[in-house]
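> This is the structure I want to talk about, given as structure tokens.
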Amino acid sequence: MKKYDSKDIRNIALVGHKGCGKTSIAEAFLFDAKHTTRLGSTDQGTSTFDYDEEELNRHMTIAVKPGVVEWKKRKVNVLDTPGDGNFIYETRLCMAAVDAAVVVVSAPDGVEVQTSRVWDRADDLKIPRVVFINKMDRERADPDKALAEVHSDLSNKAVPVQIPIGKEAGFEGVVDVLTGKAFLFEKDGSGNFKTADAPANLKDALKKAREALMEKIAESSDALTEKYLEAGELSPEEISSGFTAAIKSGNLFPVLYGSATHNIGIPMLLDLVVDALPDPTELPPVKVQVAEGGEVERARTESEPLLAFVFKTLDAQGGTLSIFRVLSGTLSGDSTVFNTNTGTEERVGAVMSITGKKQESMPAAGAGDIAGVLKFKNTATGHTLCDKKMPVTVPLLAVPPPAISYAVKPKSKADEDKLGVCLNRLLTEDLTLRVSRDEDTKDFLLSGMGTAHVELSVAKLRRRFGVDVTLETPKVPYRETITKKAQAQGRHKRQTGGRGQFGDCWLELSPQPRGAGFEFEDRIKGGAIPGQFIPAVEKGVVETMAKGVLAGFPVVDVKVAVYDGSYHEVDSSEMAFKRAASIGFKKAFQEAKPILLEPVYNMEIVVPEDKMGDIIGDINSRRGRVLGMETKGKRCIVKAQVPLSEILMYAPDLDSKTGGRGSFTMEFSHRQPLPDALAQKVVAQFKPTEEEEE
């Protein structure tokens, strides 16, 4: 593929809630541009974009996929993005790599929760948007209701530039509001249409829609506003320039209608993309961070030094395929680039234009273009590539905390040997995936944005690396502590024929304030225990605290004092006093009214307004405490504190209660005593055996 001038490039992301038809639109783009010979379909397994095994099984997009469409001698870089909440961070991240967004809304379903989230992200980025109301041919398609929700949930700057002709099975095409021309489509998916006059029954609606659109166009400049108020009309040239200016400035979000699966309305959408959306040179300079700290601006031109942002890493040809946006300069094949995040240089082989699985070599990617490079060694999603002489970093969108965690258990020794390395490979591709080690169980914990996210990561381990694991609900990290002071003697005496073992100490345990941790005090007077054995006493206590007494969980917030004891000049040793201290600690601990502490997390739950009552009731049933509520549009934010044991599987539960329209974040707050009835069950389940205690 040839290298395009920046002014001839358009970069768009197809964004919206899962199931709204983004991939079908991308497939129709390719077909109408004659890059494919048939309309690809995820449901039929013929999609160019959704080719991953799990995407085909689940009939949804899981990862951002780039594609290239040539339309009217312009290059349109299209990003087909996930709309499921498990993967929405990836969508929000890649939106920094485009210059405009096509926000897809399902005519039967209207605006849904992830649509609102990507719209908010576009607001943050200040990028132009086009609203495409899709699935007009489906049962229950209601364009008026969908548009009303766009106005109430997204923006009242969204103005129709088309009027749909019919709906559901009777959907035939659209009328252009500015020209009054009707486009009537064949229903065979060919994208063929004929032009006609607007139907008579739409004349009134057309007049009203044109007035609303003309007002928005006139608002694009003071001169046009003045002329429109005086004359009541604008020239075709003024309408065209004002229309484009209003879209690029964000004062107008044009609304179009269509059916991607029947290829109705898609050519008009492509026309608007190339005619009215900005090219990369029209965007303001990109803000980057310099090594010394602070922020500078970089013009988006090829005359500036190289700057590229890697927004996606895909598995390809036994290695990785890094997808990036060139923000300034030129990235050429057979060259070297500098990775600011790792401080290493990367060798560039061929620069590739990517459409689904198809890779086509190109001589270079200039400022504003999107391309890919195979088999970088140290480059991951979110990294910055630049000129080594002028190192800068593109700021990264904050990564949300995980919503759910599972313990990962290898099925064989071979799986165990490969697990760590293979998990790290996944981390380079997916910033929302986390791997940690449970300090209590030593298990690997795999954390993600939801059950589907973690399950799909495990499927990748099996398919790509041959690593087979099982997922288990992780063990809640309880802690043990005491509530009153207690004393006990620890005495260890053993005679084995030769030199014996003897250690004797008296310990006093006292509760500490929550979070104060462990404190050890030496109160020995008169040499009852020689000084060289006191560290062994402390070590015996610390090791026993780590293993726990009640249920095998670490002991916290305890002060231990050794205040008396005895020794044998021959048989006493550090080992003997370690053992004696362990015995004494366990005895005193049992006498000090021990309890279990459970972790409590702060939660922020975002749900539709009509689900707030159900969510509050559910939080109360989980022993939670609601801290407050606030309303944002049609969404409610519930803030609460809930014990971790009650929300280990909260992600799928929330999806079930809200129909996938809820989201939440959580972070550790504090620990609190576990109620006695629950504590007894935990102790019965996890109490160490005598062999484990030894």
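By order in the structure tokens, chains are A, B, ...; within a chain, residues start at 1; ligands start at 1, following the order shown.
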Need to verify the contact set: Glu574 of chain A, 9 Å, only C-alpha atoms, exclusion of same-chain residues closer than 5 positions in sequence. Can you return it as a list in words?
Gly503, Gln532, Phe533, Ile534, Pro535, Ala536, Val537 and Arg579 of chain A
> Hey, can you spit out that residue selection with N, CA and C atoms as a PDB file, in the first residue's frame?

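Result file follows (selection_15.pdb):
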```pdb
ATOM      1  N   GLY A 503      14.198 -25.399  76.179  1.00  0.00           N
ATOM      2  CA  GLY A 503      13.886 -23.973  76.122  1.00  0.00           C
ATOM      3  C   GLY A 503      12.633 -23.716  76.920  1.00  0.00           C
ATOM      4  N   GLN A 532      21.568 -14.161  74.249  1.00  0.00           N
ATOM      5  CA  GLN A 532      21.738 -14.680  72.884  1.00  0.00           C
ATOM      6  C   GLN A 532      20.536 -15.492  72.408  1.00  0.00           C
ATOM      7  N   PHE A 533      19.620 -15.862  73.351  1.00  0.00           N
ATOM      8  CA  PHE A 533      18.450 -16.654  72.961  1.00  0.00           C
ATOM      9  C   PHE A 533      17.191 -15.793  72.742  1.00  0.00           C
ATOM     10  N   ILE A 534      17.244 -14.499  73.114  1.00  0.00           N
ATOM     11  CA  ILE A 534      16.063 -13.638  72.965  1.00  0.00           C
ATOM     12  C   ILE A 534      15.672 -13.484  71.490  1.00  0.00           C
ATOM     13  N   PRO A 535      16.629 -13.264  70.577  1.00  0.00           N
ATOM     14  CA  PRO A 535      16.235 -13.195  69.160  1.00  0.00           C
ATOM     15  C   PRO A 535      15.556 -14.473  68.671  1.00  0.00           C
ATOM     16  N   ALA A 536      15.952 -15.634  69.224  1.00  0.00           N
ATOM     17  CA  ALA A 536      15.315 -16.890  68.827  1.00  0.00           C
ATOM     18  C   ALA A 536      13.868 -16.929  69.305  1.00  0.00           C
ATOM     19  N   VAL A 537      13.622 -16.367  70.502  1.00  0.00           N
ATOM     20  CA  VAL A 537      12.241 -16.296  71.003  1.00  0.00           C
ATOM     21  C   VAL A 537      11.399 -15.447  70.049  1.00  0.00           C
ATOM     22  N   ARG A 579      11.217 -23.106  69.383  1.00  0.00           N
ATOM     23  CA  ARG A 579      10.103 -24.037  69.578  1.00  0.00           C
ATOM     24  C   ARG A 579       9.305 -23.681  70.820  1.00  0.00           C
TER      25      ARG A 579
END
```
> Could you give me, as JSON, numbers by chain, the residues within 8 Å of Lys687 of chain A, counting only C-alpha atoms and dropping anything in the same chain fewer than 6 positions from it?
{"A": [549, 550, 551, 552]}
> Let's have the selection written as a PDB file, in the first residue's frame, with C-alpha atoms.

```
ATOM      1  CA  VAL A 549      -3.238 -20.292  65.082  1.00  0.00           C
ATOM      2  CA  LEU A 550      -7.010 -20.295  64.604  1.00  0.00           C
ATOM      3  CA  ALA A 551      -7.360 -21.012  60.906  1.00  0.00           C
ATOM      4  CA  GLY A 552      -3.944 -20.693  59.340  1.00  0.00           C
TER       5      GLY A 552
END
```
> Near Gly633 of chain A, counting only C-alpha atoms, which residues have an atom at most 10 Å away, once you skip same-chain residues fewer than 6 positions from it, shown as a PyMOL selection string?
chain A and resi 152-154+608-609
> Write to file, as a PDB file, in the first residue's frame, the residues of the selection just made, with N, CA and C atoms.

```
ATOM      1  N   SER A 152     -31.115  12.797  25.509  1.00  0.00           N
ATOM      2  CA  SER A 152     -31.173  12.838  26.979  1.00  0.00           C
ATOM      3  C   SER A 152     -29.920  12.276  27.633  1.00  0.00           C
ATOM      4  N   ASP A 153     -29.314  11.236  27.024  1.00  0.00           N
ATOM      5  CA  ASP A 153     -28.182  10.564  27.663  1.00  0.00           C
ATOM      6  C   ASP A 153     -26.821  11.009  27.139  1.00  0.00           C
ATOM      7  N   LEU A 154     -26.790  11.509  25.901  1.00  0.00           N
ATOM      8  CA  LEU A 154     -25.498  11.859  25.297  1.00  0.00           C
ATOM      9  C   LEU A 154     -25.372  13.361  25.075  1.00  0.00           C
ATOM     10  N   PRO A 608     -28.200   1.926  36.157  1.00  0.00           N
ATOM     11  CA  PRO A 608     -29.335   2.731  35.694  1.00  0.00           C
ATOM     12  C   PRO A 608     -30.199   3.153  36.880  1.00  0.00           C
ATOM     13  N   GLU A 609     -30.842   4.293  36.723  1.00  0.00           N
ATOM     14  CA  GLU A 609     -31.642   4.867  37.810  1.00  0.00           C
ATOM     15  C   GLU A 609     -32.690   3.881  38.325  1.00  0.00           C
TER      16      GLU A 609
END
```
> With only C-alpha atoms as the counted atoms, please give the residues lying no more than 9 Å from Arg625 of chain A, apart from itself and same-chain residues fewer than 5 positions off, as a count of residues only.
6
> For the contact check between segment 65-88 of chain A and segment 94-102 of chain A, emit one row per residue of segment 65-88 of chain A within 12 Å, containing the shortest atom pair and the distance in Å rounded to one decimal, counting only C-alpha atoms, chain then rising number order, as a Markdown table.

```
| residue | atom | partner | partner_atom | distance |
| --- | --- | --- | --- | --- |
| A:Lys65 | CA | A:Cys94 | CA | 10.1 |
| A:Pro66 | CA | A:Cys94 | CA | 10.3 |
| A:Val76 | CA | A:Val98 | CA | 10.6 |
| A:Asn77 | CA | A:Val98 | CA | 8.5 |
| A:Val78 | CA | A:Val98 | CA | 8.7 |
| A:Leu79 | CA | A:Cys94 | CA | 8.1 |
| A:Asp80 | CA | A:Cys94 | CA | 10.0 |
| A:Thr81 | CA | A:Cys94 | CA | 8.4 |
| A:Pro82 | CA | A:Cys94 | CA | 10.6 |
| A:Phe87 | CA | A:Cys94 | CA | 11.6 |
| A:Ile88 | CA | A:Cys94 | CA | 10.0 |
```
> Report as a ChimeraX atom specification all protein, DNA and RNA residues lying within 10 Å of Pro594 of chain A, evaluated on only C-alpha atoms, omitting residues in the same chain fewer than 5 positions from it.
/A:480-484,511,549-550,555,588-589
> Would you return as a VMD selection string the members of segment 320-539 of chain A that DSSP assigns to strand (DSSP E) on this structure's backbone?
chain A and resid 320 to 328 330 to 332 335 to 339 344 to 348 351 to 355 358 to 362 364 to 366 370 to 374 384 to 386 392 to 393 404 to 410 434 to 437 444 to 448 469 to 472 479 to 482 486 to 494 501 to 511 519 to 522
> Using only C-alpha atoms, which protein or nucleic acid residues come within 7 Å of segment 212-223 of chain A? Drop anything in the same chain fewer than 6 positions from it, and give the result as a PyMOL selection string.
chain A and resi 159+239+242-243+245-246+252
> Considering only C-alpha atoms, return as a list in words whatever protein or nucleic-acid residues lie within 12 Å of Thr195 of chain A, sequence-local ones (same chain, fewer than 4 positions apart) excluded.
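Close residues of Thr195 of chain A: Glu172, Gly173, Val174, Val175, Asp176, Thr179, Gly180, Lys181, Ala182, Phe183, Leu184, Phe185, Glu186 and Pro199 of chain A.
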> Check the smallest atom-to-atom distance from each of A:Gly349, A:Phe577, A:Trp506, A:Ala209 to Gly565 of chain A using only C-alpha atoms, then report the winner.
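Between A:Gly349, A:Phe577, A:Trp506, A:Ala209, the residue approaching Gly565 of chain A most closely is A:Trp506.
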> Which of these residues is nearest to Val296 of chain A, using only C-alpha atoms: A:Val255, A:Ile127, A:Val392, A:Ile370?
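Closest to Val296 of chain A of all the choices is A:Val392.
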> Looking at only C-alpha atoms, which of A:Glu226, A:Lys3, A:Lys388, A:Lys208 is the one that sits closest to Gly333 of chain A?
A:Lys3
> In terms of the shortest atom-to-atom distance over only C-alpha atoms, which of A:His492, A:Arg347, A:Arg479, A:Arg121 is closest to Ser335 of chain A?
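Once distances to Ser335 of chain A are computed over only C-alpha atoms, the minimum belongs to A:Arg347.
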> Could you pull out the helix (DSSP H, G or I) residues of segment 382-548 of chain A from DSSP and send them as number ranges by chain?
A: 413-429, 451-465, 531-547
> Write a file of the selected residues as a PDB file, in the first residue's frame, keeping C-alpha atoms.

```pdb
ATOM      1  CA  LYS A 413       4.064 -29.817  36.336  1.00  0.00           C
ATOM      2  CA  ALA A 414       4.727 -28.840  32.721  1.00  0.00           C
ATOM      3  CA  ASP A 415       1.901 -26.273  32.912  1.00  0.00           C
ATOM      4  CA  GLU A 416       3.308 -24.934  36.171  1.00  0.00           C
ATOM      5  CA  ASP A 417       6.774 -24.465  34.657  1.00  0.00           C
ATOM      6  CA  LYS A 418       5.421 -22.364  31.763  1.00  0.00           C
ATOM      7  CA  LEU A 419       2.674 -20.486  33.588  1.00  0.00           C
ATOM      8  CA  GLY A 420       4.613 -17.451  34.817  1.00  0.00           C
ATOM      9  CA  VAL A 421       6.268 -16.669  31.476  1.00  0.00           C
ATOM     10  CA  CYS A 422       3.054 -17.130  29.510  1.00  0.00           C
ATOM     11  CA  LEU A 423       1.026 -14.945  31.860  1.00  0.00           C
ATOM     12  CA  ASN A 424       3.588 -12.186  31.374  1.00  0.00           C
ATOM     13  CA  ARG A 425       3.100 -12.483  27.600  1.00  0.00           C
ATOM     14  CA  LEU A 426      -0.590 -11.762  28.086  1.00  0.00           C
ATOM     15  CA  LEU A 427       0.199  -8.751  30.270  1.00  0.00           C
ATOM     16  CA  THR A 428       2.093  -7.064  27.424  1.00  0.00           C
ATOM     17  CA  GLU A 429      -1.101  -7.149  25.349  1.00  0.00           C
ATOM     18  CA  THR A 451     -15.490 -13.250  34.647  1.00  0.00           C
ATOM     19  CA  ALA A 452     -15.502 -13.275  30.836  1.00  0.00           C
ATOM     20  CA  HIS A 453     -12.234 -11.315  30.755  1.00  0.00           C
ATOM     21  CA  VAL A 454     -10.442 -13.829  33.003  1.00  0.00           C
ATOM     22  CA  GLU A 455     -11.958 -16.865  31.256  1.00  0.00           C
ATOM     23  CA  LEU A 456     -10.877 -15.569  27.860  1.00  0.00           C
ATOM     24  CA  SER A 457      -7.350 -15.010  29.150  1.00  0.00           C
ATOM     25  CA  VAL A 458      -7.244 -18.620  30.320  1.00  0.00           C
ATOM     26  CA  ALA A 459      -8.506 -19.729  26.904  1.00  0.00           C
ATOM     27  CA  LYS A 460      -5.594 -17.803  25.329  1.00  0.00           C
ATOM     28  CA  LEU A 461      -3.144 -19.590  27.636  1.00  0.00           C
ATOM     29  CA  ARG A 462      -4.428 -22.941  26.452  1.00  0.00           C
ATOM     30  CA  ARG A 463      -4.747 -22.140  22.753  1.00  0.00           C
ATOM     31  CA  ARG A 464      -1.570 -20.129  22.208  1.00  0.00           C
ATOM     32  CA  PHE A 465       0.868 -21.578  24.720  1.00  0.00           C
ATOM     33  CA  GLY A 531      20.542 -12.583  75.836  1.00  0.00           C
ATOM     34  CA  GLN A 532      21.738 -14.680  72.884  1.00  0.00           C
ATOM     35  CA  PHE A 533      18.450 -16.654  72.961  1.00  0.00           C
ATOM     36  CA  ILE A 534      16.063 -13.638  72.965  1.00  0.00           C
ATOM     37  CA  PRO A 535      16.235 -13.195  69.160  1.00  0.00           C
ATOM     38  CA  ALA A 536      15.315 -16.890  68.827  1.00  0.00           C
ATOM     39  CA  VAL A 537      12.241 -16.296  71.003  1.00  0.00           C
ATOM     40  CA  GLU A 538      11.186 -13.390  68.762  1.00  0.00           C
ATOM     41  CA  LYS A 539      11.829 -15.456  65.633  1.00  0.00           C
ATOM     42  CA  GLY A 540       9.712 -18.320  66.977  1.00  0.00           C
ATOM     43  CA  VAL A 541       6.871 -15.875  67.655  1.00  0.00           C
ATOM     44  CA  VAL A 542       7.114 -14.244  64.201  1.00  0.00           C
ATOM     45  CA  GLU A 543       7.144 -17.577  62.366  1.00  0.00           C
ATOM     46  CA  THR A 544       4.120 -18.784  64.325  1.00  0.00           C
ATOM     47  CA  MET A 545       2.239 -15.535  63.618  1.00  0.00           C
ATOM     48  CA  ALA A 546       2.855 -15.980  59.905  1.00  0.00           C
ATOM     49  CA  LYS A 547       1.274 -19.453  59.957  1.00  0.00           C
TER      50      LYS A 547
END
```
> Counting only C-alpha atoms, which of A:Ala196, A:Asp8, A:Ser328, A:Asp430 gets nearest to Ala63 of chain A?
A:Asp430
